[in-house]
Structures are given as structure tokens and as C-alpha cells.
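Reading through the C-alpha cells given below for one structure.
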Amino acid sequence: MSLRLLIVDDSRMSRLILQGLVLQAHPDWTIVHASSGEEALQQVRESPVDLVSMDFNMHGMNGLEAALALRQLLPQVPIAILTANVQTAVQERIEEAGMVFIAKPITAQAAQQLAALAGA
């Protein structure tokens with residue numbers, strides 16, 4: 001199953017680590033990157049995606065704000081917030097918004113959790 005995954009993180013290294021882990025298990029997936037929420041919104045307006053991985057702490061709009069805006073454009077697309085911000089209040093806000101919380105650091109298990117959202 002070939003999917004299009006959008007990885008949104010202001011850390012290029014984090015994007016590349018997650019991309020590598022995902023492609024090890026799903027080499028047929030297409031991975032696109034965005035370094036901010038604003039860039040992510042522009043990307044999905046130009047070319048929709050099947051799955052989104054979103055960092056929480058970013059410059060400009062935070063990951064939850066960006067994810068909520070993406071949800072308006074792509075209401076059925078699964079969104080996971082991958083973050084080192086493990087505060088209970090943050091986790092609750094993410095879950096209340098109908099998104100999945102995945103704690104950083106980015107590991108093979110985190111990549112598997114993300115892929116499972118798409119049924120892979």
C-alpha cells in the first residue's frame with residue numbers, strides 16, 4: 001500500500017530520522033517534508049496527503065494549531081503529534097482534538113505507531 005506521508009517538524013534531523021525509519025518498513029511510501037505549520041498547510045493545498053506526523057513545538061503556529069487547520073482541509077486524514085513535550089495537559093489537548101500523541105525521541109516503535117494510523 002503506497003501512501004503519502006507529510007512530516008512536519010522544524011528540525012531537519014528529526015524529519016530525516018523519521019523518514020528513514022518509515023521507509024525501512026514502507027519503501028513504497030512517498031514522504032514529503034514541511035518545516036512549519038504554515039508550510040504544511042501550503043503543501044496539502046497543492047497536493048493532499050494520506051497521513052501526517054506533526055511536531056508540537058515549532059516557530060509560528062504550534063503543531064496542534066497547524067494540525068487543527070490541516071483537519072479543516074483534510075478531515076479524514078490521520079494526524080499524529082510527535083513531541084518531546086510529554087506534559088499531561090498537552091497530551092490531553094491532542095487527544096481531545098482527535099489526534100494521536102506519540103512521544104519523542106523518534107524510534108522504530110514511534111514510526112510503527114504512525115504507520116498503524118494508516119492501517120499499515
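In the C-alpha cells, each chain is lettered A, B, ... as it comes, each chain's residues begin at 1, and ligands are numbered from 1 in order of appearance.
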
(request) Report the residues of chain A whose backbone DSSP state falls under strand (DSSP E or B), written as a VMD selection string. (result) chain A and resid 4 to 8 30 to 34 51 to 55 79 to 83 100 to 103

Prev. selection, N, CA and C atoms, output as a PDB file, in the first residue's frame:
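So again.pdb came out as:
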ATOM      1  N   ARG A   4       1.102   8.625   1.019  1.00  0.00           N
ATOM      2  CA  ARG A   4       1.845   9.884   1.001  1.00  0.00           C
ATOM      3  C   ARG A   4       1.827  10.435   2.430  1.00  0.00           C
ATOM      4  N   LEU A   5       3.009  10.470   3.061  1.00  0.00           N
ATOM      5  CA  LEU A   5       3.158  10.913   4.440  1.00  0.00           C
ATOM      6  C   LEU A   5       3.778  12.303   4.463  1.00  0.00           C
ATOM      7  N   LEU A   6       3.165  13.213   5.205  1.00  0.00           N
ATOM      8  CA  LEU A   6       3.715  14.542   5.426  1.00  0.00           C
ATOM      9  C   LEU A   6       4.338  14.574   6.811  1.00  0.00           C
ATOM     10  N   ILE A   7       5.644  14.857   6.865  1.00  0.00           N
ATOM     11  CA  ILE A   7       6.353  15.009   8.135  1.00  0.00           C
ATOM     12  C   ILE A   7       6.588  16.498   8.357  1.00  0.00           C
ATOM     13  N   VAL A   8       6.024  17.017   9.450  1.00  0.00           N
ATOM     14  CA  VAL A   8       6.144  18.430   9.766  1.00  0.00           C
ATOM     15  C   VAL A   8       6.949  18.567  11.055  1.00  0.00           C
ATOM     16  N   THR A  30       5.583   7.631  -0.195  1.00  0.00           N
ATOM     17  CA  THR A  30       6.153   8.916  -0.595  1.00  0.00           C
ATOM     18  C   THR A  30       6.179   9.796   0.647  1.00  0.00           C
ATOM     19  N   ILE A  31       7.335  10.375   0.919  1.00  0.00           N
ATOM     20  CA  ILE A  31       7.490  11.224   2.096  1.00  0.00           C
ATOM     21  C   ILE A  31       7.695  12.668   1.626  1.00  0.00           C
ATOM     22  N   VAL A  32       6.904  13.573   2.183  1.00  0.00           N
ATOM     23  CA  VAL A  32       7.086  14.995   1.918  1.00  0.00           C
ATOM     24  C   VAL A  32       7.334  15.691   3.255  1.00  0.00           C
ATOM     25  N   HIS A  33       8.092  16.776   3.199  1.00  0.00           N
ATOM     26  CA  HIS A  33       8.509  17.479   4.404  1.00  0.00           C
ATOM     27  C   HIS A  33       7.970  18.897   4.442  1.00  0.00           C
ATOM     28  N   ALA A  34       7.761  19.372   5.665  1.00  0.00           N
ATOM     29  CA  ALA A  34       7.474  20.779   5.904  1.00  0.00           C
ATOM     30  C   ALA A  34       8.169  21.159   7.206  1.00  0.00           C
ATOM     31  N   LEU A  51      -1.459  10.800   5.450  1.00  0.00           N
ATOM     32  CA  LEU A  51      -1.075  10.667   6.851  1.00  0.00           C
ATOM     33  C   LEU A  51      -0.167  11.839   7.200  1.00  0.00           C
ATOM     34  N   VAL A  52      -0.285  12.340   8.449  1.00  0.00           N
ATOM     35  CA  VAL A  52       0.534  13.479   8.875  1.00  0.00           C
ATOM     36  C   VAL A  52       1.203  13.166  10.207  1.00  0.00           C
ATOM     37  N   SER A  53       2.495  13.465  10.264  1.00  0.00           N
ATOM     38  CA  SER A  53       3.259  13.468  11.508  1.00  0.00           C
ATOM     39  C   SER A  53       3.612  14.920  11.784  1.00  0.00           C
ATOM     40  N   MET A  54       3.237  15.413  12.964  1.00  0.00           N
ATOM     41  CA  MET A  54       3.394  16.833  13.273  1.00  0.00           C
ATOM     42  C   MET A  54       4.129  17.005  14.595  1.00  0.00           C
ATOM     43  N   ASP A  55       5.190  17.815  14.578  1.00  0.00           N
ATOM     44  CA  ASP A  55       5.859  18.198  15.824  1.00  0.00           C
ATOM     45  C   ASP A  55       4.939  19.176  16.559  1.00  0.00           C
ATOM     46  N   ILE A  79      -3.767  12.158  11.926  1.00  0.00           N
ATOM     47  CA  ILE A  79      -2.690  13.069  12.311  1.00  0.00           C
ATOM     48  C   ILE A  79      -2.129  12.609  13.649  1.00  0.00           C
ATOM     49  N   ALA A  80      -0.803  12.466  13.690  1.00  0.00           N
ATOM     50  CA  ALA A  80      -0.116  12.153  14.942  1.00  0.00           C
ATOM     51  C   ALA A  80       0.767  13.336  15.305  1.00  0.00           C
ATOM     52  N   ILE A  81       0.744  13.684  16.576  1.00  0.00           N
ATOM     53  CA  ILE A  81       1.628  14.725  17.082  1.00  0.00           C
ATOM     54  C   ILE A  81       2.793  14.019  17.767  1.00  0.00           C
ATOM     55  N   LEU A  82       3.986  14.145  17.181  1.00  0.00           N
ATOM     56  CA  LEU A  82       5.199  13.572  17.753  1.00  0.00           C
ATOM     57  C   LEU A  82       5.935  14.686  18.467  1.00  0.00           C
ATOM     58  N   THR A  83       6.107  14.544  19.782  1.00  0.00           N
ATOM     59  CA  THR A  83       6.702  15.633  20.538  1.00  0.00           C
ATOM     60  C   THR A  83       7.426  15.137  21.775  1.00  0.00           C
ATOM     61  N   VAL A 100      -3.489  11.685  17.615  1.00  0.00           N
ATOM     62  CA  VAL A 100      -2.742  10.711  18.395  1.00  0.00           C
ATOM     63  C   VAL A 100      -1.450  11.333  18.890  1.00  0.00           C
ATOM     64  N   PHE A 101      -1.151  11.129  20.167  1.00  0.00           N
ATOM     65  CA  PHE A 101       0.086  11.598  20.780  1.00  0.00           C
ATOM     66  C   PHE A 101       1.134  10.491  20.691  1.00  0.00           C
ATOM     67  N   ILE A 102       2.319  10.814  20.177  1.00  0.00           N
ATOM     68  CA  ILE A 102       3.452   9.889  20.168  1.00  0.00           C
ATOM     69  C   ILE A 102       4.642  10.649  20.741  1.00  0.00           C
ATOM     70  N   ALA A 103       5.243  10.088  21.798  1.00  0.00           N
ATOM     71  CA  ALA A 103       6.355  10.756  22.472  1.00  0.00           C
ATOM     72  C   ALA A 103       7.649  10.585  21.691  1.00  0.00           C
TER      73      ALA A 103
END

(request) Just the residues within 12 Å of Pro105 (chain A), please, counting only C-alpha atoms, with nothing from its chain fewer than 2 positions along; format it as a PyMOL selection string. (result) chain A and resi 13-15+17-18+55+82-86+102-103+107-111

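If you count only C-alpha atoms and ignore residues fewer than 5 places along the chain from Gln76 (chain A), what sits within 12 Å of it is A:Pro48, A:Val49, A:Asp50, A:Leu51, A:Val52, A:Leu70, A:Arg71, A:Gly98, A:Met99, A:Leu117, A:Ala118.
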
Hey, can you spit out that residue selection with C-alpha atoms as a PDB file, in the first residue's frame?
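Ended up saving to result-v1.pdb:
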ATOM      1  CA  PRO A  48      -3.152  16.137  -0.419  1.00  0.00           C
ATOM      2  CA  VAL A  49      -1.561  13.525   1.833  1.00  0.00           C
ATOM      3  CA  ASP A  50      -2.763  10.298   3.466  1.00  0.00           C
ATOM      4  CA  LEU A  51      -1.075  10.667   6.851  1.00  0.00           C
ATOM      5  CA  VAL A  52       0.534  13.479   8.875  1.00  0.00           C
ATOM      6  CA  LEU A  70      -4.979  20.730   8.392  1.00  0.00           C
ATOM      7  CA  ARG A  71      -8.030  18.908   9.749  1.00  0.00           C
ATOM      8  CA  GLY A  98      -8.958  13.683  17.880  1.00  0.00           C
ATOM      9  CA  MET A  99      -5.273  13.225  17.171  1.00  0.00           C
ATOM     10  CA  LEU A 117      -2.730   5.012  11.997  1.00  0.00           C
ATOM     11  CA  ALA A 118      -2.893   4.471   8.246  1.00  0.00           C
TER      12      ALA A 118
END

(request) Could you give me the residues within chain A that DSSP places in alpha helix (DSSP H), as JSON, numbers by chain? (result) {"A": [12, 13, 14, 15, 16, 17, 18, 19, 20, 21, 22, 23, 24, 25, 37, 38, 39, 40, 41, 42, 43, 44, 45, 46, 63, 64, 65, 66, 67, 68, 69, 70, 71, 72, 73, 88, 89, 90, 91, 92, 93, 94, 95, 96, 108, 109, 110, 111, 112, 113, 114, 115, 116, 117]}

(message) Please compute the CA of Leu114 (chain A)-CA of Gln19 (chain A) distance, one decimal, in Å.
(response) 11.3 Å

(request) Between CA of Gln42 (chain A) and CA of Asn57 (chain A), measure the distance and give it in Å to one decimal. (result) 18.9 Å

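CA of Phe56 (chain A) to CA of Ile94 (chain A) spans 9.5 Å [interatomic distance, one decimal].
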
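Ranking A:Glu95, A:Ser35, A:Gln87, A:Gln43 by their shortest atom-to-atom distance to Leu64 (chain A), with only C-alpha atoms included, puts A:Glu95 first.
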